[in-house]
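What follows is a short report on a single structure.
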Amino acid sequence: MSKPSQPKHAISPTRAEDFPEWYQQVVKAADLAENSETRGCMVIKPWGYGIWELIQRQLDQRFKETGHQNAYFPLLIPVSYLEKEAEHAEGFATECAVVTHHRLEAVKDEETGRTRMVPTGELAEPYVVRPTSETIIGAAFSRWIESYRDLPLLINQWANVMRWEMRPRLFLRTAEFLWQEGHTAHETREEALEETRMIHRLYTGFLRDHLAIPVIPGEKTENERFPGAEMTLTVEAMVQDRKAIQAGTSHYLGQNFAHAQDISFTGRDGSVQHAHTTSWGVSTRLIGTLIMAHSDDDGLVCPPRVAPWQIVILPVAPKPESREAVFESCQALAETLRHQSYCGEPLRVHVDTREMNGGVKKWEWIKKGAPVRIEIGPRDIETRKVCVQRRDRAANEKEFMPKEDFLRGVGEMLDSVHHMLLERARGFRDAHITGCADMAAFDDHWAADNPGWLLTAWNGTPAQEEEISKRHKITIRCLPVDHAMLPGEAVETAGSNCILTGEPAPQLALWGRSY
RNA sequence: CGGGGCGUAGCGCAGUUUGGUAGCGCACUUGGUUUGGGACCAAGGGGUCGCAGGUUCAAAUCCUGUCGCCCCGACCA
């Protein structure tokens, strides 16, 4: 009896065949999330939400370590609040969901006999569902801040926000998404700028150390700035179709919001001054970025630090009489592992005791991206070994190692998976950042399907930037703040004269297509 | 909002042109065989065909209306 041949990969289509469709299939196969009945909104399933909880917990710890406190502000914002900062209002106006009524009334349709719920009780002033909370938090800040002694005020909020996007994609762009938004107020411009930069570094480090995603930290150009900000810092990640994803932003808002919302205080010299404010955030988009950065044609590859289960133990019990002994051995190993810690947290270990075909079970965990899989069967109990499989290696690659060795080296193994993912992503990215100093070559570059990023010297005007952006459907992803984080060869090739004007330009610009 | 398409079992679809009260694959349940493994065989459960009207002896299939969704463009964490 010959078995039917299995497909080469668990995910179809592959990345090379159809990247966007591959992405959707990974989300589905890994059981991360699904589209809901509510347009543009997703249901985040336990495995996906588990990742978010870990991101949240680990980031929250970092925020608290840097002096921030959590608070919570209303979901609904009076429309008039949005009118206070003109540029900000304009930036978000087209994607606001608006609440105009506060009651429903059951109305029976005489013709059809059906009962419909009809909104009544129109509000005197409509609310918008927060697309971001600068305005309502600013209003609170204006009440809370009276003296320079009240500064700095360092607040963070974990919340959901809503932006009525026309083209939703799970995790990357949904009408409702989860995020954190930090909002701070400072006495001086310098302090606020330092806060903005500190958070920018924090994000860079978090993506690298927790999500194994290397990013290019940089500043947005005026064209790409957050509405109402004086400076926007961003961390840009490259995913496997060579597009860019803005993975996090940190804004220096200057005194714009402080003036608009009267966030003022009495200074050390007794004069009334306006605070300098910042805001910064990352969202569930990080999960989309993580998927696109690391996953392969067999499904999700989850970096260890944010894997809901870091180690999944699969009992192999071919004969009923050995079942109990195998299960016991698995549970015992799991308990031992749970008493060990990794990156300051107890190891997250799961024993999958479901009664089902072992092969199916194994592939399920491959698709879900569990970093390490352990198989234990009767033979392993006899030899005191475990069968170890790593998600960053081929699906059929297994290593039998003495249980003691595994226990001793498990932390290093997870580290090794993390670094493998990070280095692989870095290698891929650096191979697709090219320096360019010639406008004709620049124009040619974007004709390709997935051309990767170009690095150029730049001192053009916003209008010139816009013209080039429109022509090639690209944007300046950022003006990198640290040239040492870019591939040296690209920096060299980019040179020091602006690709457009030819004038000396110390500033580099990173161009690319984005999500 | 402009241009296309679709609503039939949990999912994916066929059936609609030529009306006769519903079918396939996967999933699910049970039994068996296999199994360091995404297996196989058999039996079984589940839908009245988006919704509302109409034509007809008879409608998933024709007509009218209505609701919803998806894809392509403008906006975007």
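Scheme for the structure tokens: letters A, B, ... for chains in order shown; per-chain residue numbers from 1; ligand numbers from 1 in order shown.
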Strand (DSSP E or B) call set, DSSP backbone run, segment 376-491 of chain A, as an mmCIF file with N, CA and C atoms, in the first residue's frame:
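The file below, part-v3.cif, is the result:
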data_model
loop_
_atom_site.group_PDB
_atom_site.id
_atom_site.type_symbol
_atom_site.label_atom_id
_atom_site.label_comp_id
_atom_site.auth_asym_id
_atom_site.auth_seq_id
_atom_site.Cartn_x
_atom_site.Cartn_y
_atom_site.Cartn_z
ATOM 1 N N ILE A 376 9.081 12.317 22.292
ATOM 2 C CA ILE A 376 9.539 11.291 23.225
ATOM 3 C C ILE A 376 8.717 10.026 23.002
ATOM 4 N N LYS A 385 17.042 9.570 25.990
ATOM 5 C CA LYS A 385 17.290 10.636 25.024
ATOM 6 C C LYS A 385 15.979 11.339 24.663
ATOM 7 N N VAL A 386 16.085 12.480 24.010
ATOM 8 C CA VAL A 386 14.912 13.144 23.445
ATOM 9 C C VAL A 386 15.215 13.470 21.990
ATOM 10 N N CYS A 387 14.159 13.513 21.217
ATOM 11 C CA CYS A 387 14.309 13.852 19.805
ATOM 12 C C CYS A 387 13.970 15.333 19.641
ATOM 13 N N VAL A 388 14.952 16.112 19.220
ATOM 14 C CA VAL A 388 14.800 17.568 19.176
ATOM 15 C C VAL A 388 14.680 18.056 17.736
ATOM 16 N N GLN A 389 13.690 18.907 17.498
ATOM 17 C CA GLN A 389 13.528 19.496 16.170
ATOM 18 C C GLN A 389 13.360 21.002 16.324
ATOM 19 N N ARG A 390 14.042 21.744 15.500
ATOM 20 C CA ARG A 390 13.987 23.204 15.571
ATOM 21 C C ARG A 390 13.237 23.775 14.381
ATOM 22 N N GLU A 399 17.338 15.670 15.860
ATOM 23 C CA GLU A 399 18.561 15.302 16.561
ATOM 24 C C GLU A 399 18.190 14.586 17.854
ATOM 25 N N PHE A 400 18.751 13.395 18.038
ATOM 26 C CA PHE A 400 18.525 12.673 19.284
ATOM 27 C C PHE A 400 19.635 13.052 20.253
ATOM 28 N N MET A 401 19.260 13.654 21.364
ATOM 29 C CA MET A 401 20.308 14.011 22.321
ATOM 30 C C MET A 401 19.922 13.564 23.727
ATOM 31 N N PRO A 402 20.942 13.269 24.545
ATOM 32 C CA PRO A 402 20.658 12.876 25.924
ATOM 33 C C PRO A 402 19.806 13.942 26.603
ATOM 34 N N ILE A 433 19.447 46.131 0.008
ATOM 35 C CA ILE A 433 19.607 47.583 0.099
ATOM 36 C C ILE A 433 20.784 47.938 -0.794
ATOM 37 N N THR A 434 20.490 48.742 -1.802
ATOM 38 C CA THR A 434 21.532 49.073 -2.767
ATOM 39 C C THR A 434 21.783 50.574 -2.751
ATOM 40 N N GLY A 435 23.034 50.926 -2.794
ATOM 41 C CA GLY A 435 23.371 52.331 -2.903
ATOM 42 C C GLY A 435 23.192 52.782 -4.348
ATOM 43 N N TRP A 453 15.282 48.024 -1.633
ATOM 44 C CA TRP A 453 15.403 49.448 -1.291
ATOM 45 C C TRP A 453 16.617 50.078 -1.966
ATOM 46 N N LEU A 454 16.505 51.377 -2.169
ATOM 47 C CA LEU A 454 17.660 52.124 -2.660
ATOM 48 C C LEU A 454 18.066 53.179 -1.639
ATOM 49 N N LEU A 455 19.360 53.327 -1.506
ATOM 50 C CA LEU A 455 19.914 54.324 -0.603
ATOM 51 C C LEU A 455 20.591 55.398 -1.440
ATOM 52 N N THR A 456 20.204 56.644 -1.219
ATOM 53 C CA THR A 456 20.816 57.744 -1.981
ATOM 54 C C THR A 456 21.151 58.904 -1.056
ATOM 55 N N ALA A 457 22.049 59.725 -1.509
ATOM 56 C CA ALA A 457 22.222 61.013 -0.830
ATOM 57 C C ALA A 457 21.053 61.893 -1.273
ATOM 58 N N THR A 475 8.251 55.598 -1.538
ATOM 59 C CA THR A 475 8.373 56.705 -0.600
ATOM 60 C C THR A 475 9.771 56.670 -0.003
ATOM 61 N N ILE A 476 10.151 57.808 0.563
ATOM 62 C CA ILE A 476 11.349 57.785 1.398
ATOM 63 C C ILE A 476 10.920 57.135 2.698
ATOM 64 N N ARG A 477 11.427 55.928 2.940
ATOM 65 C CA ARG A 477 11.031 55.220 4.162
ATOM 66 C C ARG A 477 11.572 55.946 5.374
ATOM 67 N N CYS A 478 12.790 56.395 5.271
ATOM 68 C CA CYS A 478 13.336 57.211 6.345
ATOM 69 C C CYS A 478 14.667 57.797 5.931
ATOM 70 N N LEU A 479 15.092 58.787 6.695
ATOM 71 C CA LEU A 479 16.441 59.320 6.606
ATOM 72 C C LEU A 479 17.180 58.669 7.763
ATOM 73 N N PRO A 480 17.978 57.664 7.467
ATOM 74 C CA PRO A 480 18.576 56.863 8.548
ATOM 75 C C PRO A 480 19.373 57.737 9.517
#
message = Would you pick out the contacts of segment 16-32 of chain A at 6 Å or less, using only C-alpha atoms (C1' of nucleotides), so that residues sharing its chain but fewer than 2 positions from it are not included, and give the list as a PyMOL selection string?
response = chain A and resi 13-14+45+47-48+299+367-368
Produce a file of the selected residues containing C-alpha atoms, as a PDB file, in the first residue's frame.
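Output (result_25.pdb):
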ATOM      1  CA  PRO A  13       1.095  29.106  -2.671  1.00  0.00           C
ATOM      2  CA  THR A  14       4.715  29.538  -1.686  1.00  0.00           C
ATOM      3  CA  LYS A  45      -7.412  33.796  17.931  1.00  0.00           C
ATOM      4  CA  TRP A  47      -2.282  31.693  19.267  1.00  0.00           C
ATOM      5  CA  GLY A  48      -2.176  35.177  17.738  1.00  0.00           C
ATOM      6  CA  GLY A 299       4.047  28.372   7.944  1.00  0.00           C
ATOM      7  CA  LYS A 367       2.624  25.614  10.865  1.00  0.00           C
ATOM      8  CA  LYS A 368       2.117  27.428  14.160  1.00  0.00           C
TER       9      LYS A 368
END
Should the cut-off be 9 Å, what would the residue list for chain A against chain B look like, counting only C-alpha atoms (C1' of nucleotides), as a CSV table (one decimal) with N, CA and C atoms, in the first residue's frame?
chain,number,residue,atom,x,y,z
A,1,MET,N,0.9,-1.2,0.0
A,1,MET,CA,0.0,0.0,0.0
A,1,MET,C,0.9,1.2,0.0
A,3,LYS,N,1.7,5.2,0.0
A,3,LYS,CA,1.1,6.4,0.5
A,3,LYS,C,1.1,7.5,-0.6
A,4,PRO,N,0.1,8.3,-0.6
A,4,PRO,CA,0.1,9.4,-1.6
A,4,PRO,C,1.2,10.4,-1.2
A,6,GLN,N,3.0,13.7,-0.3
A,6,GLN,CA,2.6,14.9,0.4
A,6,GLN,C,3.1,16.1,-0.4
A,10,ALA,N,3.9,23.0,3.4
A,10,ALA,CA,2.6,23.0,4.1
A,10,ALA,C,1.7,24.2,3.6
A,94,THR,N,-10.6,61.6,7.2
A,94,THR,CA,-11.2,60.7,6.2
A,94,THR,C,-11.3,59.3,6.7
A,95,GLU,N,-10.7,59.0,7.9
A,95,GLU,CA,-10.8,57.6,8.3
A,95,GLU,C,-11.4,57.5,9.7
A,112,THR,N,-43.1,44.0,5.8
A,112,THR,CA,-42.4,42.7,5.9
A,112,THR,C,-42.6,42.0,7.2
A,163,ARG,N,-9.5,53.0,12.6
A,163,ARG,CA,-9.2,53.9,11.4
A,163,ARG,C,-9.9,53.2,10.2
A,165,GLU,N,-10.1,52.0,7.3
A,165,GLU,CA,-9.3,51.8,6.1
A,165,GLU,C,-10.1,51.2,5.0
A,166,MET,N,-9.7,51.5,3.8
A,166,MET,CA,-10.4,51.0,2.7
A,166,MET,C,-10.0,49.6,2.3
A,167,ARG,N,-8.7,49.3,2.6
A,167,ARG,CA,-8.2,48.0,2.2
A,167,ARG,C,-7.6,47.2,3.3
A,172,LEU,N,-1.9,43.7,9.4
A,172,LEU,CA,-1.2,44.8,8.7
A,172,LEU,C,-2.0,46.1,8.7
A,173,ARG,N,-3.3,45.9,8.4
A,173,ARG,CA,-4.1,47.1,8.2
A,173,ARG,C,-5.5,46.7,8.5
A,177,PHE,N,-7.5,48.2,15.5
A,177,PHE,CA,-6.3,47.4,15.9
A,177,PHE,C,-6.0,47.8,17.3
A,179,TRP,N,-3.0,48.6,20.1
A,179,TRP,CA,-1.7,49.2,20.2
A,179,TRP,C,-1.4,49.8,21.5
A,246,GLN,N,6.5,50.1,8.2
A,246,GLN,CA,6.8,51.0,9.3
A,246,GLN,C,6.3,50.2,10.6
A,247,ALA,N,7.3,49.9,11.4
A,247,ALA,CA,6.9,49.0,12.5
A,247,ALA,C,6.7,49.7,13.8
A,248,GLY,N,7.1,51.0,13.9
A,248,GLY,CA,6.8,51.8,15.1
A,248,GLY,C,7.2,53.2,14.8
A,249,THR,N,6.6,54.1,15.5
A,249,THR,CA,6.9,55.5,15.3
A,249,THR,C,7.0,56.3,16.7
A,281,GLY,N,4.1,54.9,19.3
A,281,GLY,CA,3.3,53.7,19.4
A,281,GLY,C,3.7,52.6,18.5
A,282,VAL,N,3.4,51.4,18.9
A,282,VAL,CA,3.5,50.2,18.1
A,282,VAL,C,2.1,49.5,18.2
A,283,SER,N,1.8,48.7,17.2
A,283,SER,CA,0.5,48.1,17.1
A,283,SER,C,0.6,46.6,16.8
A,284,THR,N,-0.6,46.0,16.7
A,284,THR,CA,-0.7,44.6,16.3
A,284,THR,C,-0.1,44.4,14.9
A,285,ARG,N,0.3,45.5,14.2
A,285,ARG,CA,1.0,45.3,13.0
A,285,ARG,C,2.3,44.6,13.2
A,316,VAL,N,5.2,10.2,21.6
A,316,VAL,CA,5.0,9.2,20.5
A,316,VAL,C,4.7,7.9,21.2
A,317,ALA,N,3.4,7.5,21.0
A,317,ALA,CA,3.0,6.3,21.7
A,317,ALA,C,2.3,5.3,20.7
A,318,PRO,N,3.2,4.6,20.0
A,318,PRO,CA,2.6,3.7,18.9
A,318,PRO,C,1.8,2.6,19.5
A,357,ASN,N,-3.4,11.5,14.9
A,357,ASN,CA,-2.2,11.1,14.1
A,357,ASN,C,-1.0,12.0,14.4
A,358,GLY,N,0.1,11.3,14.8
A,358,GLY,CA,1.3,12.1,15.2
A,358,GLY,C,1.8,13.0,14.1
A,359,GLY,N,1.7,12.5,12.9
A,359,GLY,CA,2.2,13.3,11.8
A,359,GLY,C,1.4,14.6,11.6
A,360,VAL,N,0.1,14.5,11.7
A,360,VAL,CA,-0.8,15.7,11.6
A,360,VAL,C,-0.4,16.7,12.7
A,361,LYS,N,-0.3,16.1,13.9
A,361,LYS,CA,0.0,16.9,15.1
A,361,LYS,C,1.3,17.7,14.9
A,362,LYS,N,2.3,16.9,14.5
A,362,LYS,CA,3.6,17.6,14.3
A,362,LYS,C,3.6,18.7,13.3
A,363,TRP,N,2.8,18.5,12.2
A,363,TRP,CA,2.7,19.5,11.1
A,363,TRP,C,2.0,20.7,11.6
A,364,GLU,N,1.0,20.5,12.5
A,364,GLU,CA,0.3,21.6,13.1
A,364,GLU,C,1.2,22.5,13.8
A,375,GLU,N,10.1,15.2,20.6
A,375,GLU,CA,9.4,14.0,20.6
A,375,GLU,C,10.0,13.0,21.6
A,376,ILE,N,9.1,12.3,22.3
A,376,ILE,CA,9.5,11.3,23.2
A,376,ILE,C,8.7,10.0,23.0
A,377,GLY,N,9.4,8.9,22.7
A,377,GLY,CA,8.7,7.7,22.5
A,377,GLY,C,9.4,6.6,23.4
A,515,TYR,N,4.1,48.7,2.8
A,515,TYR,CA,2.8,48.2,3.1
A,515,TYR,C,2.0,49.4,3.8
task = Quick one: pull the distance between atom CA of Ala441 of chain A and atom CA of Phe428 of chain A, Å, one decimal.
result =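 Computed distance, atom CA of Ala441 of chain A to atom CA of Phe428 of chain A, equals 21.8 Å.
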Might you pull out every residue within 10 Å of A14 of chain B, with only C-alpha atoms (C1' of nucleotides) counted and same-chain residues fewer than 4 positions away left off, and present them as a PDB file with C-alpha atoms (C1' of nucleotides), in the first residue's frame?
ATOM      1  C1'   U B   8     -25.987  26.648  -2.044  1.00  0.00           C
ATOM      2  C1'   G B  23     -24.668  17.090  -4.606  1.00  0.00           C
ATOM      3  C1'   C B  24     -19.002  16.768  -4.488  1.00  0.00           C
TER       4        C B  24
END
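The space separating atom C1' of G15 of chain B from atom C1' of G50 of chain B comes to 17.8 Å.
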inquiry  = To test your reading of the structure, identify every residue in segment 260-415 of chain A that backbone DSSP assigns to alpha helix (DSSP H), and report it as a PyMOL selection string.
reply    = chain A and resi 260-261+285-294+320-338+358-368+378-383+403-415
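The protein and nucleic acid residues lying at most 12 Å from His419 of chain A are Arg208, Asp209, His210, Leu211, Ala212, Ile213, Pro214, His294, Pro303, Pro304, Arg305, Asp392, Glu412, Met413, Leu414, Asp415, Ser416, Val417, Leu421, Leu422, Glu423, Arg424, Ala425, Arg426 and Gly427 of chain A, with only C-alpha atoms (C1' of nucleotides) considered and sequence neighbours fewer than 2 positions away removed.
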Output file for the selection above: N, CA and C atoms, as a compact mmCIF listing (two decimals), in the first residue's frame:
# COMPACT_ATOMS: atom_id res chain seq x y z
N ARG A 208 14.65 44.04 17.64
CA ARG A 208 15.84 43.21 17.46
C ARG A 208 15.89 42.08 18.49
N ASP A 209 15.70 42.42 19.76
CA ASP A 209 15.94 41.46 20.83
C ASP A 209 14.75 40.56 21.14
N HIS A 210 13.56 41.00 20.81
CA HIS A 210 12.38 40.20 21.15
C HIS A 210 11.73 39.59 19.91
N LEU A 211 11.70 40.33 18.83
CA LEU A 211 11.05 39.83 17.62
C LEU A 211 12.07 39.34 16.57
N ALA A 212 13.33 39.51 16.86
CA ALA A 212 14.40 39.10 15.94
C ALA A 212 14.26 39.80 14.58
N ILE A 213 13.78 41.04 14.63
CA ILE A 213 13.63 41.81 13.39
C ILE A 213 14.62 42.98 13.40
N PRO A 214 15.52 43.00 12.43
CA PRO A 214 16.45 44.12 12.35
C PRO A 214 15.75 45.28 11.66
N HIS A 294 9.79 36.43 9.07
CA HIS A 294 10.44 35.16 9.42
C HIS A 294 9.83 33.89 8.82
N PRO A 303 9.60 33.77 16.73
CA PRO A 303 10.79 33.98 17.54
C PRO A 303 10.53 33.54 18.99
N PRO A 304 11.48 32.90 19.63
CA PRO A 304 11.26 32.29 20.94
C PRO A 304 10.68 33.22 22.00
N ARG A 305 11.13 34.46 22.05
CA ARG A 305 10.69 35.29 23.17
C ARG A 305 9.22 35.65 23.12
N ASP A 392 13.67 26.56 12.94
CA ASP A 392 14.49 27.30 11.98
C ASP A 392 15.27 26.34 11.09
N GLU A 412 20.31 28.06 25.54
CA GLU A 412 21.20 28.38 24.43
C GLU A 412 20.55 28.03 23.09
N MET A 413 19.80 26.94 23.11
CA MET A 413 19.15 26.54 21.86
C MET A 413 18.14 27.60 21.43
N LEU A 414 17.35 28.11 22.38
CA LEU A 414 16.38 29.14 22.04
C LEU A 414 17.09 30.41 21.57
N ASP A 415 18.17 30.74 22.25
CA ASP A 415 18.99 31.88 21.81
C ASP A 415 19.47 31.67 20.38
N SER A 416 19.86 30.45 20.13
CA SER A 416 20.39 30.14 18.81
C SER A 416 19.31 30.30 17.74
N VAL A 417 18.10 29.88 18.07
CA VAL A 417 16.99 30.07 17.12
C VAL A 417 16.77 31.56 16.89
N LEU A 421 17.27 33.54 13.29
CA LEU A 421 16.21 34.32 12.62
C LEU A 421 16.67 35.76 12.38
N LEU A 422 17.29 36.33 13.40
CA LEU A 422 17.74 37.72 13.28
C LEU A 422 18.78 37.86 12.17
N GLU A 423 19.75 36.96 12.16
CA GLU A 423 20.81 37.07 11.17
C GLU A 423 20.31 36.78 9.76
N ARG A 424 19.40 35.83 9.68
CA ARG A 424 18.84 35.53 8.37
C ARG A 424 18.10 36.75 7.82
N ALA A 425 17.31 37.39 8.69
CA ALA A 425 16.55 38.57 8.27
C ALA A 425 17.50 39.72 7.91
N ARG A 426 18.56 39.86 8.70
CA ARG A 426 19.51 40.93 8.45
C ARG A 426 20.25 40.71 7.13
N GLY A 427 20.64 39.46 6.92
CA GLY A 427 21.34 39.13 5.68
C GLY A 427 20.46 39.42 4.48
task = Excluding segment 59-61 of chain B and residues on its chain fewer than 3 positions from it, collect all residues at most 6 Å away from it, counting only C-alpha atoms (C1' of nucleotides), and give them as a list in words.
result = U16, G19 and C49 of chain B
inquiry  = I'd like the interatomic distance between atom CA of Gln261 of chain A and atom CA of Gly138 of chain A, to a tenth of an Å.
reply    =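 Separation of atom CA of Gln261 of chain A and atom CA of Gly138 of chain A: 6.4 Å.
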query = Quick one: residues within 7 Å of Cys302 of chain A, only C-alpha atoms (C1' of nucleotides) counted, chain neighbours fewer than 2 positions away excluded, as an MDAnalysis selection string?
reply = chainID A and resid 300 304 307 369:371
How would the residues just chosen look if you wrote them out with N, CA and C atoms as an mmCIF file, in the first residue's frame?
data_model
loop_
_atom_site.group_PDB
_atom_site.id
_atom_site.type_symbol
_atom_site.label_atom_id
_atom_site.label_comp_id
_atom_site.auth_asym_id
_atom_site.auth_seq_id
_atom_site.Cartn_x
_atom_site.Cartn_y
_atom_site.Cartn_z
ATOM 1 N N LEU A 300 4.219 29.691 9.934
ATOM 2 C CA LEU A 300 4.807 30.682 10.829
ATOM 3 C C LEU A 300 6.125 30.171 11.410
ATOM 4 N N PRO A 304 11.479 32.898 19.632
ATOM 5 C CA PRO A 304 11.262 32.287 20.942
ATOM 6 C C PRO A 304 10.677 33.221 22.000
ATOM 7 N N ALA A 307 6.947 33.514 21.566
ATOM 8 C CA ALA A 307 6.197 32.294 21.245
ATOM 9 C C ALA A 307 5.364 31.888 22.452
ATOM 10 N N GLY A 369 4.523 27.440 14.162
ATOM 11 C CA GLY A 369 5.822 28.073 14.373
ATOM 12 C C GLY A 369 6.468 27.877 15.725
ATOM 13 N N ALA A 370 6.054 26.852 16.476
ATOM 14 C CA ALA A 370 6.705 26.596 17.771
ATOM 15 C C ALA A 370 8.212 26.457 17.554
ATOM 16 N N PRO A 371 9.013 27.219 18.288
ATOM 17 C CA PRO A 371 10.463 27.257 18.027
ATOM 18 C C PRO A 371 11.136 25.890 18.161
#
Exercise: C11 of chain B partners within 10 Å, only C-alpha atoms (C1' of nucleotides), chain neighbours under 2 positions left out, as number ranges by chain = B: 9, 13, 26-27
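Minimum atom-to-atom distances from A:Glu65, A:Leu510, A:Gln340, A:Pro78 to His483 of chain A were compared using only C-alpha atoms, and the lowest value belongs to A:Leu510.
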message = Using only C-alpha atoms for the distances, tell me which of A:Ala490, A:Leu59, A:Met117, A:Val272 is nearest to Ile145 of chain A.
response =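 Ranked by minimum distance to Ile145 of chain A, first place goes to A:Val272.
Take the candidates B:A58, B:C72, B:A43, B:C67 and check each one against U21 of chain B using only C-alpha atoms (C1' of nucleotides); the shortest distance goes to B:A58.
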ask   = Between A:Glu34, A:Leu233, A:Glu125, A:Ala258, which has the minimum distance to Arg169 of chain A (counting only C-alpha atoms)?
value =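 Counting only C-alpha atoms, the residue closest to Arg169 of chain A is A:Glu34.
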